[in-house]
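Peer 1: Have a look at this one.
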Amino acid sequence: MQKSFFFTALLAISTLLPLAAQGPQGGNFDPSKMNIGRMYGRVVDEAGKGVGYATVQLFGKKFDPQTQTLRDTTWAGQLSEDNGDFNLEKLPVVGEFELVISFLGYTEVRQKVDFGIKAPAASLGGGKPSGPSPGGGFPGAGMGSFEKDLGNIKLLEGATVLSEVVVKGQVATTTLALDRKAYRVDKDLSAAGGTAQDALKNVPSLSVDLDGNVTLRNGSPQIFLDGRPTTLSLDQIPAADIESVEVITNPSSKFDAGGGAAGIVNIVLKKEKRMGYNGNVRVGGDSRGGLNLGGDINARQGKLNFFASGMFNQNKGVGEGVTIRHNFFGNPLSDVTQESSTRMNGLFANGRVGLDYFISNRSTLTFSGMLMRGKFQPTDALTTTTDLLFPGNTLTSSYLRSSQQDRNFRNLGTSLQFKHLFPKKGAEWTADLNYNRVRFEGGSEFMTTFDTGAATREKQEGMGQGSFITLQTDFINPLSPSTKIEGGIKATLRNNRNDNANFVFSDTENNWQQIAQISDHFKFNDNVYAAYIQGSHQRGNWGFQAGLRAESSFYTGALTDRDSSFTIAYPISLFPSLFLTRKLNDGGDQMQLAYTRRVNRPNFFQTMPFTDFSDSLNLRRGNVQLLPEFTNSLELSYQKIFNKGHNLLVSLYYKQASNLITSYQFTEYNADLGKEVVVTSFANGNNAAAYGAELTMKNSFSNWLNLTHNINVYQQQVDATNVESSLELSRLSAFLKETVQIKLPAGFSLQFNGEYRTRASFTPVTNNDPFSGGGPRGQNTAQGYTKAYWFVDASVRKDLMKNQASLTLSMQDVFASRRMGSYTATDFFTQDNFRLMNPQMVRLNFAYRFGKMDASLFTRKNNRVNMQGSDMM
C-alpha cells in the first residue's frame, strides 16, 4: 500500500507542478483541473453531409496503481448527433490520444490527437522530471487552451482497414490471412429480413440450394457458428445477427479434421462491446404471407457487457417439382412420372442472451444461452403416373397422394467461455464448454386416391432427441515478436436417438395398424477426441505456419427394436497442415501456398448393416466395413490490391481423395415387400481428384458503384471402378457469381445478385448435422450430375431518419429461373427431376437503430470530477 501510494503521489506531483507554475496565483491548485480538456468536431461523409449516430471514441493511457504501469483505457465515447457533431469533455490535458470514428459501411478513421501538451518525462521509479514543454510551462494559460476543435472528419464509404491487408471501396471486404478468407455481409440488401440462408447465398465461393445446403467448390463444408459446430440450420439464424462469414478452404491443424474436404464456413455473430447501450429492431413481411420480427440490444458498463437478441419468423411459401424415372428391371418394364405441389407453413422463434464479465483487464468470462422453438405444417399433393410397358401395349395407372405434416422441434444451447491474456503481448489461454440439446416430434398423414376410385390412408409418427457437447482449451504463446506456437485439446461428444413408425388404416378393423418392416428405430453415439500444435514464424516478407493434429473417434450404433448393435473405432490419425506466405509489397499484395489433410468419416446410415425402409422406393443399407475417406489439398493464392478500391484474389487448387465413399445400386427380392427392389449401399472407391481455379474481383467506381465478380472453374474425376465398372467420370464444371451495388441520391441504394452454375457432379456427402447421422439420402456417385441453373435477385433500400432507420424492398429469383434438378443413370434406372421454390417472392423490411454512449448507464449520476478521468474499461 505504501509503495502504491508513493507511485501514485509521484505521478500526480510530476503532472501538477508544471500546471501550478502557470496556474492562478495565491491559493492551492485544484486537482480537478487535471480533467478540464474538451475536444469537439463533426463527422461528415464525402459530400460534406453530417453523419449521425457514428461511434466516436477516444483512447489513451492511464496509470494503474495495482500494476504500476500505464494501461490502455477509453477516456470518452458517444454517438454523433443527427448533424454529425460530437463533443468529448472532462479529458486530461496531458498526453497523446487516439480518436476512433466508425459507422456501418464506412472506413474506420483512426488519428492521433492531443492538446499540444506533452507529459513530463519522469520515471515512475523516482527519476527527475524533465520539466514542462519548451517555453516554461503549458502553451497558453487560459481555459480556452484546453478546448480543441478537430474540424470536419470525413468518412469514406465502403472502405475497411484490416490487420492483414487494406481493401478499399468495398462494402463486402475480403482479407487473406494465413489460413482463411473473410467476407463481410453487413450491408447485403437482399438479406434484409432474411436468414443466414439468404446471407450465405451471396457470399463469393459459396452456393446454397433450395433446402439450405451449402457447397464450397462443389463440396459440403462444415458450418460453424462463432468458431464452433452448430446444431442450428441456416434458416434458424437471422441474417441481421451476422457480422461476417469466414470461408476457410484449407483449415489448419487448429480446426476439426472431420467434415470432408470442402473446408469450413464460419458464421460470426455480432456482439458489441461499446460503452452504453445500442441495438436495433426490425419488422418485415413477404408476398407469400410470411412475417418476421426481430431485435437485439447490447449494454455495457464497467465490468459487465450484456447482449441479447430475438427473432420470430413465419415461413410461408410454395414449391413445385417433377420427377421422371425409367426402370430397367422388373417384368414388364415401367416408366414413372411424379408431379408435386407443395405449400410451406411454419414458424419458429429464436432467443439468445449472454453476459461478458471482465474479471480483470486480462481475464473475461462469457456465458451465453440460446432457445429455439419451431413448428412446421407443410402440405403436399403428389400425382404419380405409372406406365407398364407391355410388348405392343402400354397400361397406364395413376394416383394422387395428399400429405399434411405437423412437426415440432426445440433446441436449447448454452456456452461458457473463459479467456485470459498474459502480460506477454499476444499470449492467451482460452477454455470453453458448449452444450446443445435437441428434441423433435411430429407426424404426417397421407391420403392416396387411385384412378380406380380406391383410397388408402397411411401415417408416419416420429420423435427423436440428441445432445451435443464440446469441451475445448487452446493457448497461444509468442516466443518472440515474429514467432509463436499454438496448441489445444478438444472432445466432441454426441448422441442421438430416433423412433419412426409407419401405419396404415384398416377399414375392416377401423383402426391404425403398424407396419413393422418399414419402421425404423435407431440410436448412435459418436465421440471424437483431438489434440493439435502448430507454430508460425514471420521473417521479413515471408510468413510460415506448420501444424499437426491427431484425432481418434469411436462410433456405436444400434437398431433399438432388435438385437443389432455395432461398434466402429477409428484409430489415431494424423493431419498435418502447412502455410507459406510471401508479402510482395507494402500495398497488401501477397501470395500463399497451403497444404492440408482432412477426413470424411462414414456416418450412421452409411455404416448401418441393416436395410432402411423409411422410403419404400429407395431402400438403403450401410456397410460396416466402410473406411474413412482422406483428402489431401493443395492451394496457391495470389492477392493484388490496386489503387482506388480494386482488389483481385486468384486461387489455384488441387484435391485428391483416397478411399472415396461412393454409393452404388443392386437389385434383390425383398420378402417383406413381396417384390424385386433396388437397394442403395456404400463402398470405398479407388480415388477422386478435383483441380481448378477461382477468381474473385472487387471494383469500386466513383464512390457510387461497387462490383464483385466470382468465378470458379474446376475439373472433377472419380474412379470407383473397383465397385462397378461404370463408376467413373471426368467432368468440367464452372460457377459464376456477380454482385452489383449502386448508391443513388436521396439515400437510395440498389443491389443485384446473380449466380450461374453449369452441370456439375453430385456434391460429396459429409456429416454436417450433429444429430442426423449424415442423413440417409445424400450421395457421392459417378452415376449422375446436378443440372445447370441461374437466378437473379434484386433489392432497393431507402435510408430514413438520417441513417438511423432503413426500408428495404427485395425480390428473389426475379425471372423464376432457379430450377434445381439432377439426372441419375444406373444399370437399373434413369431418373430426371427438378424443383422450383418461392420464385419472384417479394420481401419488405424496416429496421431502426438506436444507442447511446453512456458510461454511467447503470449507476446514479455522479457530478464529482474524477481525478483519473472516465475509465470505461
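A note on labels: chains of the C-alpha cells are A, B, ... as shown, every chain counts residues from 1, and ligands are counted from 1 in their shown order.
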Which neighbours of stretch 74-89 of chain A fall inside 6 Å, counting only C-alpha atoms, when residues of the same chain fewer than 5 positions from it are skipped, and could you give them as a VMD selection string?

Peer 2: chain A and resid 38 to 43 50 to 59 853 870 to 872

Peer 1: Go ahead and save the picked residues with N, CA and C atoms, as an mmCIF file, in the first residue's frame.

Peer 2:
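result-v9.cif, written as the output of this step:
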data_model
loop_
_atom_site.group_PDB
_atom_site.id
_atom_site.type_symbol
_atom_site.label_atom_id
_atom_site.label_comp_id
_atom_site.auth_asym_id
_atom_site.auth_seq_id
_atom_site.Cartn_x
_atom_site.Cartn_y
_atom_site.Cartn_z
ATOM 1 N N ARG A 38 -11.441 19.516 -23.545
ATOM 2 C CA ARG A 38 -12.626 19.286 -24.369
ATOM 3 C C ARG A 38 -12.209 19.228 -25.834
ATOM 4 N N MET A 39 -12.675 18.209 -26.520
ATOM 5 C CA MET A 39 -12.456 18.095 -27.958
ATOM 6 C C MET A 39 -13.806 17.971 -28.645
ATOM 7 N N TYR A 40 -13.947 18.616 -29.769
ATOM 8 C CA TYR A 40 -15.210 18.591 -30.473
ATOM 9 C C TYR A 40 -14.956 18.665 -31.971
ATOM 10 N N GLY A 41 -15.959 18.309 -32.743
ATOM 11 C CA GLY A 41 -15.827 18.339 -34.193
ATOM 12 C C GLY A 41 -17.102 17.814 -34.830
ATOM 13 N N ARG A 42 -17.000 17.449 -36.086
ATOM 14 C CA ARG A 42 -18.158 16.958 -36.822
ATOM 15 C C ARG A 42 -17.733 15.816 -37.735
ATOM 16 N N VAL A 43 -18.545 14.746 -37.768
ATOM 17 C CA VAL A 43 -18.321 13.609 -38.656
ATOM 18 C C VAL A 43 -19.127 13.845 -39.932
ATOM 19 N N GLY A 50 -23.296 15.803 -42.709
ATOM 20 C CA GLY A 50 -23.067 15.215 -41.402
ATOM 21 C C GLY A 50 -23.560 13.783 -41.318
ATOM 22 N N VAL A 51 -22.787 12.934 -40.637
ATOM 23 C CA VAL A 51 -23.128 11.533 -40.444
ATOM 24 C C VAL A 51 -23.565 11.352 -38.993
ATOM 25 N N GLY A 52 -24.842 11.126 -38.789
ATOM 26 C CA GLY A 52 -25.360 10.925 -37.452
ATOM 27 C C GLY A 52 -25.200 9.504 -36.961
ATOM 28 N N TYR A 53 -25.110 9.348 -35.652
ATOM 29 C CA TYR A 53 -25.056 8.053 -34.984
ATOM 30 C C TYR A 53 -23.787 7.269 -35.300
ATOM 31 N N ALA A 54 -22.736 7.995 -35.682
ATOM 32 C CA ALA A 54 -21.429 7.359 -35.828
ATOM 33 C C ALA A 54 -20.823 7.172 -34.433
ATOM 34 N N THR A 55 -20.063 6.108 -34.263
ATOM 35 C CA THR A 55 -19.419 5.835 -32.974
ATOM 36 C C THR A 55 -18.121 6.638 -32.884
ATOM 37 N N VAL A 56 -18.021 7.474 -31.842
ATOM 38 C CA VAL A 56 -16.836 8.312 -31.621
ATOM 39 C C VAL A 56 -16.235 7.900 -30.283
ATOM 40 N N GLN A 57 -14.982 7.466 -30.279
ATOM 41 C CA GLN A 57 -14.325 7.033 -29.058
ATOM 42 C C GLN A 57 -12.925 7.624 -28.990
ATOM 43 N N LEU A 58 -12.475 7.900 -27.757
ATOM 44 C CA LEU A 58 -11.144 8.467 -27.522
ATOM 45 C C LEU A 58 -10.393 7.539 -26.578
ATOM 46 N N PHE A 59 -9.245 7.031 -27.050
ATOM 47 C CA PHE A 59 -8.449 6.099 -26.271
ATOM 48 C C PHE A 59 -7.136 6.753 -25.855
ATOM 49 N N MET A 853 -23.870 6.261 -26.093
ATOM 50 C CA MET A 853 -22.597 6.026 -25.436
ATOM 51 C C MET A 853 -22.666 6.664 -24.054
ATOM 52 N N SER A 870 -12.566 9.364 -17.103
ATOM 53 C CA SER A 870 -13.669 8.413 -17.260
ATOM 54 C C SER A 870 -13.122 7.082 -17.721
ATOM 55 N N ASP A 871 -12.876 6.202 -16.784
ATOM 56 C CA ASP A 871 -12.338 4.876 -17.100
ATOM 57 C C ASP A 871 -13.461 3.965 -17.524
ATOM 58 N N MET A 872 -13.519 3.654 -18.826
ATOM 59 C CA MET A 872 -14.614 2.843 -19.350
ATOM 60 C C MET A 872 -14.243 1.383 -19.448
#

Peer 1: Pull the closest atom pair for each residue of stretch 593-663 of chain A that gets at most 8 Å from stretch 551-568 of chain A, along with the distance in Å to one decimal, counting only C-alpha atoms, ordering rows by chain and then ascending residue number, as JSON lines.

Peer 2:
{"residue": "A:Phe604", "atom": "CA", "partner": "A:Gly557", "partner_atom": "CA", "distance": 7.1}
{"residue": "A:Met608", "atom": "CA", "partner": "A:Gly557", "partner_atom": "CA", "distance": 7.5}
{"residue": "A:Val624", "atom": "CA", "partner": "A:Ile568", "partner_atom": "CA", "distance": 7.8}

Peer 1: Given only C-alpha atoms as the basis, pick out the residue of A:Thr581, A:Gln222, A:Ser253, A:Thr195 nearest to A:Asn313.

Peer 2: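 The shortest atom-to-atom distance to A:Asn313 comes from A:Thr195.
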
Peer 1: Write out as a PyMOL selection string the residues lying within 6 Å of A:Leu493, counting only C-alpha atoms and excluding same-chain residues fewer than 3 positions away.

Peer 2: chain A and resi 468-469+527

Peer 1: Give the strand (DSSP E) residues of stretch 549-689 of chain A, as DSSP finds them on the backbone, and put them as a PyMOL selection string.

Peer 2: chain A and resi 549-559+566-583+590-600+611-612+619-621+629-641+647-658+661-670+675-684+687-689

Peer 1: Between atom CA of A:Arg597 and atom CA of A:Tyr532, what is the distance, to one decimal in Å?

Peer 2: 13.3 Å

Peer 1: Please determine, counting only C-alpha atoms, which residue among A:Ser822, A:Ala530, A:Gly284, A:Leu729 has the shortest atom-to-atom distance to A:Pro571.

Peer 2: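 Ranked by minimum distance to A:Pro571, first place goes to A:Ala530.
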
Peer 1: What's around A:Ser287 at 7 Å? Count only C-alpha atoms, leave out sequence neighbours fewer than 6 positions away in its own chain, and write the answer as a CSV table (one decimal) with all heavy atoms, in the first residue's frame.

Peer 2:
chain,number,residue,atom,x,y,z
A,841,MET,N,-40.5,-14.1,-55.1
A,841,MET,CA,-41.1,-13.6,-53.8
A,841,MET,C,-40.6,-12.3,-53.4
A,841,MET,O,-39.4,-12.0,-53.5
A,841,MET,CB,-40.7,-14.6,-52.7
A,841,MET,CG,-41.4,-14.4,-51.4
A,841,MET,SD,-41.0,-15.6,-50.1
A,841,MET,CE,-39.3,-15.1,-49.7
A,842,VAL,N,-41.4,-11.4,-53.0
A,842,VAL,CA,-41.1,-10.0,-52.6
A,842,VAL,C,-41.1,-9.9,-51.1
A,842,VAL,O,-42.0,-10.4,-50.4
A,842,VAL,CB,-42.1,-9.0,-53.2
A,842,VAL,CG1,-41.8,-7.6,-52.8
A,842,VAL,CG2,-42.1,-9.1,-54.8
A,843,ARG,N,-40.1,-9.2,-50.6
A,843,ARG,CA,-39.9,-9.0,-49.1
A,843,ARG,C,-39.7,-7.6,-48.8
A,843,ARG,O,-38.9,-6.9,-49.5
A,843,ARG,CB,-38.8,-9.9,-48.6
A,843,ARG,CG,-38.6,-9.7,-47.1
A,843,ARG,CD,-37.3,-10.4,-46.6
A,843,ARG,NE,-37.4,-11.8,-46.8
A,843,ARG,CZ,-36.4,-12.6,-47.3
A,843,ARG,NH1,-35.3,-12.0,-47.8
A,843,ARG,NH2,-36.5,-13.9,-47.4

Peer 1: Mind giving me the straight-line distance from atom CA of A:Glu108 to atom CA of A:Asp149 in Å, one decimal?

Peer 2: 19.9 Å

Peer 1: Which of stretch 236-422 of chain A counts as helix (DSSP H, G or I) under DSSP, as a ChimeraX atom specification please?

Peer 2: /A:236,239-241

Peer 1: With N, CA and C atoms retained, export the selected residues as a PDB file, in the first residue's frame.

Peer 2:
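out_26.pdb was written with the following content:
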ATOM      1  N   GLN A 236     -32.549 -20.832 -39.324  1.00  0.00           N
ATOM      2  CA  GLN A 236     -32.824 -20.519 -37.926  1.00  0.00           C
ATOM      3  C   GLN A 236     -31.890 -19.435 -37.383  1.00  0.00           C
ATOM      4  N   ALA A 239     -30.245 -13.145 -40.468  1.00  0.00           N
ATOM      5  CA  ALA A 239     -29.156 -12.505 -41.209  1.00  0.00           C
ATOM      6  C   ALA A 239     -28.693 -11.235 -40.510  1.00  0.00           C
ATOM      7  N   ALA A 240     -29.620 -10.530 -39.824  1.00  0.00           N
ATOM      8  CA  ALA A 240     -29.267  -9.284 -39.151  1.00  0.00           C
ATOM      9  C   ALA A 240     -28.303  -9.513 -37.993  1.00  0.00           C
ATOM     10  N   ASP A 241     -28.200 -10.754 -37.501  1.00  0.00           N
ATOM     11  CA  ASP A 241     -27.291 -11.053 -36.398  1.00  0.00           C
ATOM     12  C   ASP A 241     -25.871 -11.363 -36.875  1.00  0.00           C
TER      13      ASP A 241
END

Peer 1: Tell me which of A:Gln592, A:Ser633, A:Asn361, A:Ser252 sits closest to A:Ser577, counting only C-alpha atoms.

Peer 2: A:Ser252

Peer 1: Taking 4 positions as the minimum chain separation for residues in the same chain, which residues sit within 7 Å of stretch 804-809 of chain A when counting only C-alpha atoms? Answer as a PyMOL selection string.

Peer 2: chain A and resi 189+192+795-800+843-849

Peer 1: Rounded to one decimal, what separation in Å do you get between atom CA of A:Phe306 and atom CA of A:Val100?

Peer 2: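 Atom-to-atom, atom CA of A:Phe306 and atom CA of A:Val100 are spaced 22.7 Å apart.
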
Peer 1: With distances taken over only C-alpha atoms, which residue among A:Phe610, A:Phe103, A:Tyr785, A:Tyr183 lies nearest A:Pro204?

Peer 2: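 Going through A:Phe610, A:Phe103, A:Tyr785, A:Tyr183 one by one, the smallest distance to A:Pro204 is for A:Tyr183.
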